[in-house]
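Next up, data14.txt (compact mmCIF, C-alpha atoms):
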```txt
# COMPACT_ATOMS: atom_id res chain seq x y z
CA MET A 962 -10.84 -83.42 -36.75
CA ALA A 963 -9.05 -80.87 -34.63
CA GLN A 964 -7.32 -82.13 -31.49
CA SER A 965 -10.38 -81.12 -29.48
CA GLY A 966 -12.50 -83.46 -31.57
CA ARG A 967 -14.45 -80.49 -32.96
CA LEU A 968 -15.10 -80.17 -36.66
CA LEU A 969 -14.26 -76.64 -37.71
CA SER A 970 -16.33 -77.14 -40.85
CA LEU A 971 -19.50 -77.31 -38.73
CA ASP A 972 -18.85 -73.81 -37.39
CA VAL A 973 -17.98 -72.55 -40.86
CA MET A 974 -21.14 -73.99 -42.47
CA ARG A 975 -23.23 -72.57 -39.64
CA GLY A 976 -21.53 -69.21 -40.14
CA ILE A 977 -22.06 -69.28 -43.92
CA THR A 978 -25.78 -69.86 -43.43
CA ILE A 979 -26.16 -67.06 -40.86
CA ALA A 980 -24.21 -64.61 -43.05
CA GLY A 981 -26.35 -65.73 -45.99
CA MET A 982 -29.58 -65.24 -44.05
CA ILE A 983 -28.53 -61.73 -43.05
CA MET A 984 -27.53 -60.85 -46.62
CA VAL A 985 -30.69 -62.05 -48.39
CA ASN A 986 -32.91 -60.45 -45.73
CA ASN A 987 -31.35 -57.00 -46.13
CA PRO A 988 -31.03 -55.83 -49.74
CA GLY A 989 -30.69 -52.14 -50.45
CA SER A 990 -34.05 -52.29 -52.21
CA TRP A 991 -36.49 -55.18 -52.56
CA GLN A 992 -37.25 -53.89 -56.07
CA TYR A 993 -33.69 -54.57 -57.21
CA VAL A 994 -32.62 -58.05 -56.12
CA TYR A 995 -30.79 -60.50 -58.38
CA ALA A 996 -32.86 -63.61 -59.10
CA PRO A 997 -30.60 -66.08 -57.19
CA LEU A 998 -30.99 -63.90 -54.08
CA ARG A 999 -34.79 -64.10 -54.12
CA HIS A 1000 -36.96 -66.81 -52.62
CA GLU A 1001 -38.97 -68.82 -55.10
CA GLN A 1002 -42.52 -67.48 -55.30
CA TRP A 1003 -44.01 -70.94 -54.80
CA ASP A 1004 -42.82 -74.28 -56.23
CA GLY A 1005 -39.11 -74.56 -57.00
CA LEU A 1006 -35.79 -73.80 -55.43
CA THR A 1007 -33.31 -70.91 -55.62
CA PRO A 1008 -29.91 -70.66 -53.89
CA THR A 1009 -31.56 -68.39 -51.32
CA ASP A 1010 -34.04 -71.15 -50.45
CA LEU A 1011 -31.13 -73.31 -49.28
CA VAL A 1012 -29.90 -70.95 -46.57
CA PHE A 1013 -32.49 -71.50 -43.83
CA PRO A 1014 -32.75 -75.29 -44.32
CA PHE A 1015 -28.95 -75.58 -44.26
CA PHE A 1016 -28.97 -73.93 -40.85
CA MET A 1017 -31.66 -76.31 -39.62
CA PHE A 1018 -29.67 -79.28 -40.92
CA ILE A 1019 -26.56 -78.10 -39.06
CA MET A 1020 -28.69 -77.47 -35.97
CA GLY A 1021 -29.71 -81.13 -36.11
CA VAL A 1022 -26.07 -82.22 -36.40
CA SER A 1023 -25.12 -80.05 -33.41
CA MET A 1024 -28.07 -81.39 -31.41
CA PHE A 1025 -26.60 -84.88 -31.59
CA PHE A 1026 -23.29 -83.63 -30.21
CA SER A 1027 -24.87 -81.58 -27.42
CA LEU A 1028 -27.28 -84.29 -26.25
CA ARG A 1029 -24.49 -86.83 -25.73
CA LYS A 1030 -23.99 -85.48 -22.21
CA TYR A 1031 -27.45 -86.83 -21.31
CA ASN A 1032 -26.53 -90.28 -22.68
CA PHE A 1033 -29.39 -89.84 -25.13
CA SER A 1034 -32.00 -90.62 -22.51
CA LEU A 1035 -34.99 -88.73 -21.21
CA SER A 1036 -34.49 -87.37 -17.72
CA LYS A 1037 -35.77 -84.50 -15.65
CA GLU A 1038 -32.57 -82.59 -16.34
CA SER A 1039 -32.54 -83.13 -20.11
CA VAL A 1040 -36.25 -82.46 -20.65
CA THR A 1041 -36.16 -79.33 -18.47
CA LYS A 1042 -33.14 -77.97 -20.36
CA ILE A 1043 -34.75 -78.62 -23.75
CA ILE A 1044 -38.08 -77.06 -22.77
CA LYS A 1045 -36.40 -73.99 -21.26
CA ARG A 1046 -34.27 -73.44 -24.37
CA THR A 1047 -37.25 -73.96 -26.66
CA ILE A 1048 -39.29 -71.35 -24.78
CA LEU A 1049 -36.36 -68.91 -24.68
CA ILE A 1050 -35.67 -69.08 -28.42
CA PHE A 1051 -39.39 -68.79 -29.20
CA LEU A 1052 -39.74 -65.72 -26.96
CA VAL A 1053 -36.67 -64.10 -28.51
CA GLY A 1054 -38.27 -64.52 -31.94
CA LEU A 1055 -41.55 -63.09 -30.68
CA GLY A 1056 -39.59 -60.23 -29.12
CA LEU A 1057 -38.01 -59.44 -32.50
CA ASN A 1058 -41.46 -59.22 -34.06
CA LEU A 1059 -42.62 -57.00 -31.19
CA PHE A 1060 -39.57 -54.75 -31.48
CA GLY A 1061 -40.17 -54.21 -35.19
CA LEU A 1062 -43.85 -53.47 -34.59
CA VAL A 1063 -43.21 -51.03 -31.75
CA VAL A 1064 -40.43 -49.16 -33.56
CA ARG A 1065 -42.55 -48.74 -36.68
CA SER A 1066 -46.02 -48.27 -35.19
CA GLY A 1067 -45.60 -47.49 -31.51
CA PHE A 1068 -47.29 -49.29 -28.65
CA THR A 1069 -50.75 -49.14 -30.20
CA ASP A 1070 -50.66 -51.87 -32.83
CA PHE A 1071 -50.38 -55.10 -30.83
CA GLU A 1072 -53.37 -56.58 -32.66
CA ASN A 1073 -51.08 -56.96 -35.70
CA LEU A 1074 -48.21 -58.68 -33.88
CA ARG A 1075 -46.99 -61.67 -35.88
CA ILE A 1076 -46.74 -64.71 -33.61
CA LEU A 1077 -44.54 -67.00 -35.70
CA GLY A 1078 -41.24 -66.46 -37.51
CA VAL A 1079 -37.78 -67.87 -38.19
CA MET A 1080 -36.64 -68.07 -34.57
CA GLN A 1081 -39.97 -69.56 -33.51
CA ARG A 1082 -39.61 -72.29 -36.12
CA LEU A 1083 -36.08 -73.02 -34.94
CA ALA A 1084 -37.36 -73.26 -31.37
CA LEU A 1085 -40.19 -75.66 -32.14
CA ALA A 1086 -38.09 -77.87 -34.43
CA TYR A 1087 -35.29 -77.93 -31.86
CA GLY A 1088 -37.62 -78.83 -29.01
CA ALA A 1089 -39.52 -81.58 -30.80
CA GLY A 1090 -36.42 -82.95 -32.54
CA SER A 1091 -34.41 -83.07 -29.31
CA LEU A 1092 -37.13 -84.91 -27.41
CA ILE A 1093 -37.50 -87.43 -30.22
CA GLY A 1094 -33.73 -87.84 -30.35
CA LEU A 1095 -33.71 -88.73 -26.65
CA ALA A 1096 -36.81 -90.92 -26.69
CA VAL A 1097 -36.24 -93.00 -29.82
CA ASN A 1098 -33.62 -95.69 -30.37
CA HIS A 1099 -31.22 -94.15 -32.86
CA LYS A 1100 -31.39 -97.10 -35.23
CA TYR A 1101 -35.00 -96.05 -35.86
CA LEU A 1102 -34.29 -92.35 -36.46
CA LEU A 1103 -34.60 -92.59 -40.23
CA HIS A 1104 -37.84 -94.56 -39.83
CA VAL A 1105 -39.28 -91.80 -37.64
CA ALA A 1106 -38.13 -89.03 -39.98
CA GLY A 1107 -39.51 -90.92 -42.98
CA GLY A 1108 -42.81 -91.53 -41.21
CA ILE A 1109 -43.15 -87.82 -40.40
CA LEU A 1110 -42.48 -86.88 -44.04
CA VAL A 1111 -44.98 -89.43 -45.39
CA PHE A 1112 -47.63 -88.26 -42.90
CA TYR A 1113 -47.05 -84.59 -43.76
CA TRP A 1114 -47.11 -85.31 -47.49
CA ALA A 1115 -50.43 -87.17 -47.11
CA LEU A 1116 -51.87 -84.38 -44.95
CA LEU A 1117 -51.12 -81.73 -47.57
CA GLY A 1118 -52.27 -83.96 -50.43
CA PHE A 1119 -55.58 -85.05 -48.93
CA THR A 1120 -56.46 -81.47 -47.95
CA ASP A 1121 -55.50 -80.06 -51.36
CA SER A 1122 -52.90 -77.83 -49.70
CA MET A 1123 -50.13 -77.88 -52.30
CA THR A 1124 -51.22 -74.44 -53.53
CA MET A 1125 -51.28 -71.07 -51.79
CA SER A 1126 -54.86 -70.15 -50.96
CA PRO A 1127 -56.94 -69.11 -47.94
CA ASP A 1128 -58.17 -72.74 -47.81
CA ASN A 1129 -54.67 -74.20 -47.49
CA ILE A 1130 -54.67 -76.18 -44.25
CA ILE A 1131 -51.51 -74.38 -43.08
CA ALA A 1132 -53.26 -71.02 -43.39
CA VAL A 1133 -56.46 -72.38 -41.84
CA VAL A 1134 -54.66 -73.69 -38.75
CA ASP A 1135 -52.72 -70.45 -38.22
CA ARG A 1136 -55.84 -68.30 -38.62
CA SER A 1137 -57.79 -70.52 -36.24
CA LEU A 1138 -55.12 -70.50 -33.53
CA PHE A 1139 -53.71 -66.98 -33.77
CA GLY A 1140 -56.25 -64.89 -35.67
CA GLU A 1141 -55.73 -63.49 -39.15
CA SER A 1142 -54.16 -60.24 -37.92
CA HIS A 1143 -51.36 -62.18 -36.19
CA VAL A 1144 -50.36 -64.15 -39.28
CA TYR A 1145 -47.83 -63.07 -41.93
CA LYS A 1146 -49.40 -61.75 -45.14
CA ASP A 1147 -48.07 -63.28 -48.35
CA THR A 1148 -48.90 -62.55 -51.98
CA MET A 1149 -50.61 -65.01 -54.32
CA ALA A 1150 -49.76 -65.30 -58.02
CA ASP A 1151 -52.62 -62.94 -58.93
CA GLY A 1152 -51.34 -60.27 -56.54
CA THR A 1153 -53.89 -60.92 -53.79
CA ARG A 1154 -52.49 -60.76 -50.27
CA ILE A 1155 -53.68 -63.40 -47.84
CA ALA A 1156 -52.82 -64.52 -44.33
CA PHE A 1157 -50.25 -67.24 -45.06
CA ASP A 1158 -47.17 -67.70 -42.91
CA PRO A 1159 -44.13 -69.39 -44.52
CA GLU A 1160 -43.13 -70.35 -40.97
CA GLY A 1161 -46.61 -71.64 -40.19
CA LEU A 1162 -47.27 -73.88 -37.20
CA LEU A 1163 -48.43 -76.90 -39.21
CA SER A 1164 -45.54 -76.74 -41.68
CA THR A 1165 -43.21 -77.09 -38.69
CA ILE A 1166 -43.97 -80.82 -39.01
CA GLY A 1167 -41.61 -80.94 -41.99
CA SER A 1168 -39.00 -78.98 -40.05
CA ILE A 1169 -38.97 -81.59 -37.28
CA ALA A 1170 -38.05 -84.27 -39.84
CA HIS A 1171 -35.44 -81.84 -41.15
CA VAL A 1172 -33.54 -81.61 -37.87
CA LEU A 1173 -33.88 -85.38 -37.34
CA LEU A 1174 -32.06 -85.98 -40.62
CA GLY A 1175 -29.35 -83.58 -39.44
CA PHE A 1176 -29.35 -85.44 -36.11
CA TYR A 1177 -28.72 -88.70 -37.97
CA ALA A 1178 -25.88 -87.06 -39.90
CA GLY A 1179 -24.36 -86.07 -36.56
CA LYS A 1180 -24.59 -89.71 -35.47
CA MET A 1181 -22.76 -90.80 -38.63
CA ILE A 1182 -20.00 -88.28 -37.93
CA LEU A 1183 -19.40 -89.53 -34.39
CA ASP A 1184 -19.73 -93.18 -35.41
CA SER A 1185 -16.89 -92.58 -37.87
CA LYS A 1186 -14.39 -92.36 -34.96
CA LYS A 1187 -12.84 -89.04 -36.10
CA ASN A 1188 -11.85 -90.57 -39.45
CA ASN A 1189 -12.39 -87.68 -41.86
CA GLU A 1190 -12.27 -89.88 -44.96
CA LEU A 1191 -15.00 -92.11 -43.55
CA ILE A 1192 -17.06 -89.08 -42.46
CA ILE A 1193 -16.86 -87.58 -45.97
CA ARG A 1194 -17.79 -90.87 -47.61
CA ASN A 1195 -20.80 -91.46 -45.35
CA LEU A 1196 -22.06 -87.88 -45.68
CA PHE A 1197 -21.63 -88.02 -49.45
CA ILE A 1198 -23.60 -91.26 -49.72
CA PHE A 1199 -26.29 -90.01 -47.32
CA GLY A 1200 -26.65 -86.69 -49.13
CA THR A 1201 -26.76 -88.27 -52.58
CA ILE A 1202 -29.52 -90.69 -51.56
CA LEU A 1203 -31.63 -87.92 -49.96
CA LEU A 1204 -31.13 -85.62 -52.94
CA PHE A 1205 -32.04 -88.33 -55.46
CA ILE A 1206 -35.19 -89.33 -53.55
CA GLY A 1207 -36.25 -85.70 -53.09
CA LEU A 1208 -35.85 -84.85 -56.77
CA LEU A 1209 -37.55 -88.07 -57.89
CA LEU A 1210 -40.57 -87.59 -55.61
CA SER A 1211 -40.89 -83.90 -56.54
CA TYR A 1212 -43.07 -84.93 -59.49
CA GLY A 1213 -45.77 -85.92 -56.99
CA CYS A 1214 -44.89 -83.57 -54.16
CA PRO A 1215 -43.44 -80.25 -55.38
CA ILE A 1216 -40.31 -78.86 -53.74
CA ASN A 1217 -41.72 -75.88 -51.87
CA LYS A 1218 -40.16 -73.85 -49.08
CA LYS A 1219 -43.29 -71.96 -48.02
CA ILE A 1220 -45.08 -75.16 -47.06
CA TRP A 1221 -41.76 -76.86 -46.17
CA SER A 1222 -42.85 -79.84 -48.26
CA SER A 1223 -41.47 -83.32 -47.69
CA THR A 1224 -39.44 -83.16 -50.90
CA PHE A 1225 -38.08 -79.76 -49.85
CA VAL A 1226 -36.80 -81.43 -46.67
CA LEU A 1227 -35.20 -84.34 -48.55
CA THR A 1228 -33.64 -82.19 -51.27
CA THR A 1229 -32.20 -79.50 -49.01
CA CYS A 1230 -30.91 -82.02 -46.47
CA GLY A 1231 -29.27 -83.84 -49.38
CA PHE A 1232 -27.59 -80.65 -50.55
CA GLY A 1233 -26.69 -79.81 -46.94
CA SER A 1234 -25.02 -83.17 -46.35
CA LEU A 1235 -23.02 -82.84 -49.57
CA PHE A 1236 -21.97 -79.28 -48.71
CA LEU A 1237 -20.86 -80.35 -45.24
CA ALA A 1238 -18.83 -83.21 -46.73
CA LEU A 1239 -17.17 -80.72 -49.10
CA LEU A 1240 -16.28 -78.36 -46.24
CA ILE A 1241 -14.85 -81.20 -44.16
CA TRP A 1242 -12.68 -82.19 -47.12
CA ILE A 1243 -11.46 -78.63 -47.67
CA ILE A 1244 -11.06 -77.49 -44.05
CA ASP A 1245 -10.65 -80.45 -41.72
CA MET A 1246 -8.94 -82.87 -44.06
CA ASN A 1247 -6.76 -80.60 -46.22
CA GLY A 1248 -6.29 -77.78 -43.70
CA LYS A 1249 -7.32 -74.98 -46.07
CA LYS A 1250 -9.04 -72.78 -43.53
CA LYS A 1251 -7.65 -69.23 -43.77
CA TRP A 1252 -10.55 -68.20 -46.00
CA SER A 1253 -13.08 -69.43 -43.44
CA LEU A 1254 -12.20 -67.09 -40.56
CA PHE A 1255 -14.88 -64.60 -41.58
CA PHE A 1256 -17.61 -67.25 -41.39
CA GLU A 1257 -16.21 -68.89 -38.27
CA SER A 1258 -16.96 -65.66 -36.37
CA PHE A 1259 -20.62 -65.99 -37.35
CA GLY A 1260 -20.63 -69.71 -36.65
CA ILE A 1261 -19.74 -69.62 -32.96
CA ASN A 1262 -22.45 -67.08 -32.03
CA PRO A 1263 -25.04 -67.73 -34.74
CA LEU A 1264 -28.34 -66.96 -33.03
CA TYR A 1265 -26.96 -63.90 -31.23
CA LEU A 1266 -25.68 -62.41 -34.48
CA TYR A 1267 -28.94 -63.22 -36.26
CA VAL A 1268 -30.85 -61.38 -33.53
CA GLN A 1269 -28.38 -58.50 -33.64
CA ALA A 1270 -28.82 -58.19 -37.40
CA ALA A 1271 -32.61 -58.21 -37.09
CA LEU A 1272 -32.51 -55.41 -34.52
CA LEU A 1273 -30.04 -53.32 -36.54
CA SER A 1274 -32.05 -53.86 -39.71
CA THR A 1275 -35.15 -52.42 -38.08
CA VAL A 1276 -33.27 -49.46 -36.62
CA PHE A 1277 -31.51 -48.69 -39.91
CA ALA A 1278 -34.78 -48.89 -41.83
CA VAL A 1279 -36.73 -46.66 -39.43
CA THR A 1280 -33.97 -44.04 -39.21
CA GLY A 1281 -33.54 -44.06 -42.99
CA LEU A 1282 -29.86 -44.93 -42.75
CA SER A 1283 -30.10 -48.02 -44.96
CA GLY A 1284 -32.05 -46.10 -47.61
CA PHE A 1285 -29.57 -43.24 -47.52
CA MET A 1286 -26.52 -45.50 -47.84
CA TYR A 1287 -28.10 -47.47 -50.65
CA GLY A 1288 -29.38 -44.49 -52.63
CA SER A 1289 -26.59 -41.99 -52.00
CA VAL A 1290 -23.48 -44.15 -51.72
CA PHE A 1291 -23.89 -47.46 -53.54
CA VAL A 1292 -26.36 -46.73 -56.37
CA PRO A 1293 -24.32 -43.88 -57.95
CA VAL A 1294 -21.32 -46.19 -58.18
CA LEU A 1295 -22.83 -49.63 -58.83
CA GLY A 1296 -26.35 -49.00 -60.12
CA ASN A 1297 -29.63 -50.24 -58.67
CA TYR A 1298 -29.00 -53.98 -58.62
CA GLY A 1299 -25.29 -53.78 -57.83
CA GLY A 1300 -25.92 -51.14 -55.18
CA SER A 1301 -28.64 -53.24 -53.58
CA LEU A 1302 -26.29 -56.21 -53.31
CA ALA A 1303 -23.41 -54.02 -52.11
CA TRP A 1304 -25.52 -52.68 -49.23
CA ALA A 1305 -26.51 -56.23 -48.26
CA ILE A 1306 -22.85 -57.30 -48.16
CA PHE A 1307 -21.87 -54.14 -46.27
CA PHE A 1308 -24.60 -54.86 -43.72
CA VAL A 1309 -23.20 -58.37 -43.22
CA ILE A 1310 -19.78 -56.83 -42.54
CA ILE A 1311 -21.28 -54.39 -40.03
CA ASN A 1312 -22.67 -57.34 -38.09
CA TRP A 1313 -19.44 -59.31 -38.46
CA ILE A 1314 -17.38 -56.70 -36.59
CA PRO A 1315 -18.87 -57.35 -33.11
CA GLY A 1316 -18.99 -61.06 -34.02
CA TYR A 1317 -15.24 -61.05 -34.66
CA PHE A 1318 -14.65 -59.28 -31.34
CA LEU A 1319 -16.61 -62.00 -29.53
CA TYR A 1320 -14.70 -64.65 -31.48
CA LYS A 1321 -11.29 -63.22 -30.54
CA LYS A 1322 -12.31 -62.90 -26.89
CA GLN A 1323 -13.77 -66.44 -26.97
CA ILE A 1324 -17.12 -65.14 -25.75
CA TYR A 1325 -20.00 -67.46 -26.58
CA ILE A 1326 -23.53 -66.11 -26.22
CA LYS A 1327 -25.89 -69.08 -26.16
CA LEU A 1328 -29.65 -68.97 -26.40
```

Give the structure from the file, written as structure tokens.
Amino acid sequence: MAQSGRLLSLDVMRGITIAGMIMVNNPGSWQYVYAPLRHEQWDGLTPTDLVFPFFMFIMGVSMFFSLRKYNFSLSKESVTKIIKRTILIFLVGLGLNLFGLVVRSGFTDFENLRILGVMQRLALAYGAGSLIGLAVNHKYLLHVAGGILVFYWALLGFTDSMTMSPDNIIAVVDRSLFGESHVYKDTMADGTRIAFDPEGLLSTIGSIAHVLLGFYAGKMILDSKKNNELIIRNLFIFGTILLFIGLLLSYGCPINKKIWSSTFVLTTCGFGSLFLALLIWIIDMNGKKKWSLFFESFGINPLYLYVQAALLSTVFAVTGLSGFMYGSVFVPVLGNYGGSLAWAIFFVIINWIPGYFLYKKQIYIKL
């Protein structure tokens, strides 16, 4: 660890995931995206499907560090802070949806405002995970996370909700609570579009277990008394066990991001723990960190830069700037697929510039 006791690798992994989220969300053209940069249509896992869960895993790790100041106990101060932050992050996510709707359709299309989204899922998982982390004895954290995953697996199984359909319980709950017009429209295998939100309210159950596993990883890191070798060993063992269980159980519960299945949680948390152990070995133990400066800038202001990228993406799309740059600058040189990827990388760099300024000035914008 650094002299401050802070693991630089945590910031770098957080930054890698935010940069990755921005890149995969902003290709030059959705028609020309390399297969590894696409989400899996339903069951399965691509590299892109690891980005969001990696961020949630790191969020869980960071939650453990931040909640230490409350001595891991419920109090008026701790509960108020958690609830306020949960509401703020949720409203920011809803504001992003509203901004995109207003810019594209004006102030007359509120009946089609999507209620849920990435930021909203982060908010709900953070809020529930933090309260559980304060209320439950930490030696029972894995029991609680395991119980949540078993319950969620049974819920999906008994309601025949392992497939995308209008009768999937995730879609039913969202339609019942928000109305069909306020739910994201996804495409079934036969091309039919239905109201099915990949960040649905019910599938947030799996996300809560996700951050709790990250929370437990944070506990292991602090329990290791700043001994990087011990941290790496424990994270490696933890990640290998989660990954093995997730892959083994996937024969009965498919790995699926859109329903955030229990095996998706186990598998991605396993990969996340192993990746974090690798970064600690490279950066914090061996001191090879010059390459990581780019990602560190994203890692210290992650939610702000994600919001910034979402706003810029909408503005660029509406003004035609992204289409012009892709079609007139990148495609003639690199072709459709190469040009699409080049624009996505260029867009990440555009967002990195103000992030680097904030990093150099040590300005931290917290949500």

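Checking A:Asn1195, A:Ser1091, A:Ser1036, A:Thr1224 one by one against A:Leu1173, counting all atoms listed in the file, you find the shortest gap at A:Ser1091.
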
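Remark: for A:Ala1238, the closest of the candidate residues A:Arg1194, A:Arg1082, A:Arg1065, A:Arg1154 is A:Arg1194 (distances computed over all atoms listed in the file).
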
In the coordinate frame of the file, compute which residues have an atom within 12 Å of (-26.8, -75.9, -41.4) when using all atoms listed in the file, and state them as a JSON list (two decimals) with C-alpha atoms, in the coordinates of the input.
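part.json, written as the output of this step:
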```json
[["chain", "number", "residue", "atom", "x", "y", "z"],
["A", 970, "SER", "CA", -16.33, -77.14, -40.85],
["A", 971, "LEU", "CA", -19.50, -77.31, -38.73],
["A", 972, "ASP", "CA", -18.85, -73.81, -37.39],
["A", 973, "VAL", "CA", -17.98, -72.55, -40.86],
["A", 974, "MET", "CA", -21.14, -73.99, -42.47],
["A", 975, "ARG", "CA", -23.23, -72.57, -39.64],
["A", 976, "GLY", "CA", -21.53, -69.21, -40.14],
["A", 977, "ILE", "CA", -22.06, -69.28, -43.92],
["A", 978, "THR", "CA", -25.78, -69.86, -43.43],
["A", 979, "ILE", "CA", -26.16, -67.06, -40.86],
["A", 980, "ALA", "CA", -24.21, -64.61, -43.05],
["A", 981, "GLY", "CA", -26.35, -65.73, -45.99],
["A", 982, "MET", "CA", -29.58, -65.24, -44.05],
["A", 1011, "LEU", "CA", -31.13, -73.31, -49.28],
["A", 1012, "VAL", "CA", -29.90, -70.95, -46.57],
["A", 1013, "PHE", "CA", -32.49, -71.50, -43.83],
["A", 1014, "PRO", "CA", -32.75, -75.29, -44.32],
["A", 1015, "PHE", "CA", -28.95, -75.58, -44.26],
["A", 1016, "PHE", "CA", -28.97, -73.93, -40.85],
["A", 1017, "MET", "CA", -31.66, -76.31, -39.62],
["A", 1018, "PHE", "CA", -29.67, -79.28, -40.92],
["A", 1019, "ILE", "CA", -26.56, -78.10, -39.06],
["A", 1020, "MET", "CA", -28.69, -77.47, -35.97],
["A", 1021, "GLY", "CA", -29.71, -81.13, -36.11],
["A", 1022, "VAL", "CA", -26.07, -82.22, -36.40],
["A", 1023, "SER", "CA", -25.12, -80.05, -33.41],
["A", 1024, "MET", "CA", -28.07, -81.39, -31.41],
["A", 1083, "LEU", "CA", -36.08, -73.02, -34.94],
["A", 1171, "HIS", "CA", -35.44, -81.84, -41.15],
["A", 1172, "VAL", "CA", -33.54, -81.61, -37.87],
["A", 1174, "LEU", "CA", -32.06, -85.98, -40.62],
["A", 1175, "GLY", "CA", -29.35, -83.58, -39.44],
["A", 1176, "PHE", "CA", -29.35, -85.44, -36.11],
["A", 1178, "ALA", "CA", -25.88, -87.06, -39.90],
["A", 1179, "GLY", "CA", -24.36, -86.07, -36.56],
["A", 1229, "THR", "CA", -32.20, -79.50, -49.01],
["A", 1230, "CYS", "CA", -30.91, -82.02, -46.47],
["A", 1231, "GLY", "CA", -29.27, -83.84, -49.38],
["A", 1232, "PHE", "CA", -27.59, -80.65, -50.55],
["A", 1233, "GLY", "CA", -26.69, -79.81, -46.94],
["A", 1234, "SER", "CA", -25.02, -83.17, -46.35],
["A", 1235, "LEU", "CA", -23.02, -82.84, -49.57],
["A", 1236, "PHE", "CA", -21.97, -79.28, -48.71],
["A", 1237, "LEU", "CA", -20.86, -80.35, -45.24],
["A", 1240, "LEU", "CA", -16.28, -78.36, -46.24],
["A", 1260, "GLY", "CA", -20.63, -69.71, -36.65],
["A", 1263, "PRO", "CA", -25.04, -67.73, -34.74]]
```

Neighbouring residues of A:Ile1241 were defined as those with any atom within 8 Å, considering all atoms listed in the file; residues of the same chain fewer than 2 positions away were excluded. Please report them as a ChimeraX atom specification. /A:968-970,1189,1193,1237-1239,1243-1246

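Nearest residue to A:Leu1074 among A:Val985, A:His1143, A:Ala1132, A:Phe1026 is A:His1143, counting all atoms listed in the file.
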
Considering all atoms listed in the file, can you say which of A:Lys1100, A:Arg1029, A:Arg1075, A:Arg1046 comes closest to A:Ala1156? A:Arg1075

Would you mind listing what lies within 10 Å of A:Tyr1325 as a ChimeraX atom specification, with all atoms listed in the file counted and same-chain residues fewer than 3 positions away left out? /A:1261-1263,1265,1316,1319-1320,1322,1328

Any idea what the distance is between atom CA of A:Phe1139 and atom CA of A:Gly1078? 13.0 Å

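For A:Gln992, the non-local neighbours within 12 Å, defined as residues at least 2 positions apart in the same chain or in other chains and counting only C-alpha atoms, are Asn987, Pro988, Gly989, Ser990, Val994, Tyr995, Ala996, Leu998, Arg999, Asn1297, Tyr1298, Gly1300, Ser1301 and Leu1302 of chain A.
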
Taking all atoms of stretch 1024-1037 of chain A that the file lists, what box with edges along x, y and z, padded by 5 Å per side, do you get, with centre and edge lengths in Å to one decimal, as lines of an AutoDock Vina configuration file?
```
center_x = -29.5
center_y = -86.0
center_z = -23.6
size_x = 22.5
size_y = 19.2
size_z = 25.9
```

I'd like the interatomic distance between atom CA of A:Ser1223 and atom CA of A:Met984, to a tenth of an Å. 26.5 Å

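Interatomic distance, atom CA of A:Glu1257 against atom CA of A:Lys1327: 15.5 Å.
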
Skipping near chain neighbours, those fewer than 2 positions away, what residues fall within 10 Å of A:Val1079 using all atoms listed in the file, listed as a PyMOL selection string? chain A and resi 1013+1051+1054-1055+1077+1081-1084+1159-1161

Serialized selection, C-alpha atoms, as a compact mmCIF listing (two decimals), in the frame of the given file:
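As a result, result.txt now contains:
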```txt
# COMPACT_ATOMS: atom_id res chain seq x y z
CA PHE A 1013 -32.49 -71.50 -43.83
CA PHE A 1051 -39.39 -68.79 -29.20
CA GLY A 1054 -38.27 -64.52 -31.94
CA LEU A 1055 -41.55 -63.09 -30.68
CA LEU A 1077 -44.54 -67.00 -35.70
CA GLN A 1081 -39.97 -69.56 -33.51
CA ARG A 1082 -39.61 -72.29 -36.12
CA LEU A 1083 -36.08 -73.02 -34.94
CA ALA A 1084 -37.36 -73.26 -31.37
CA PRO A 1159 -44.13 -69.39 -44.52
CA GLU A 1160 -43.13 -70.35 -40.97
CA GLY A 1161 -46.61 -71.64 -40.19
```

Let me make sure I understand: among A:Val1053, A:Ile1182, A:Met1123, A:Leu1203, which one has the smallest atom-to-atom distance to A:Ala1106 if we use all atoms listed in the file? A:Leu1203

Using only C-alpha atoms, give me every residue within 8 Å of (-34.6, -90.8, -40.8) in file coordinates, as a ChimeraX atom specification. /A:1101-1107,1170,1173-1174,1177

Just checking: using all atoms listed in the file, which residue out of A:Ile1192, A:Leu1059, A:Ile1220, A:Val1309 ends up closest to A:Ser1126? A:Ile1220
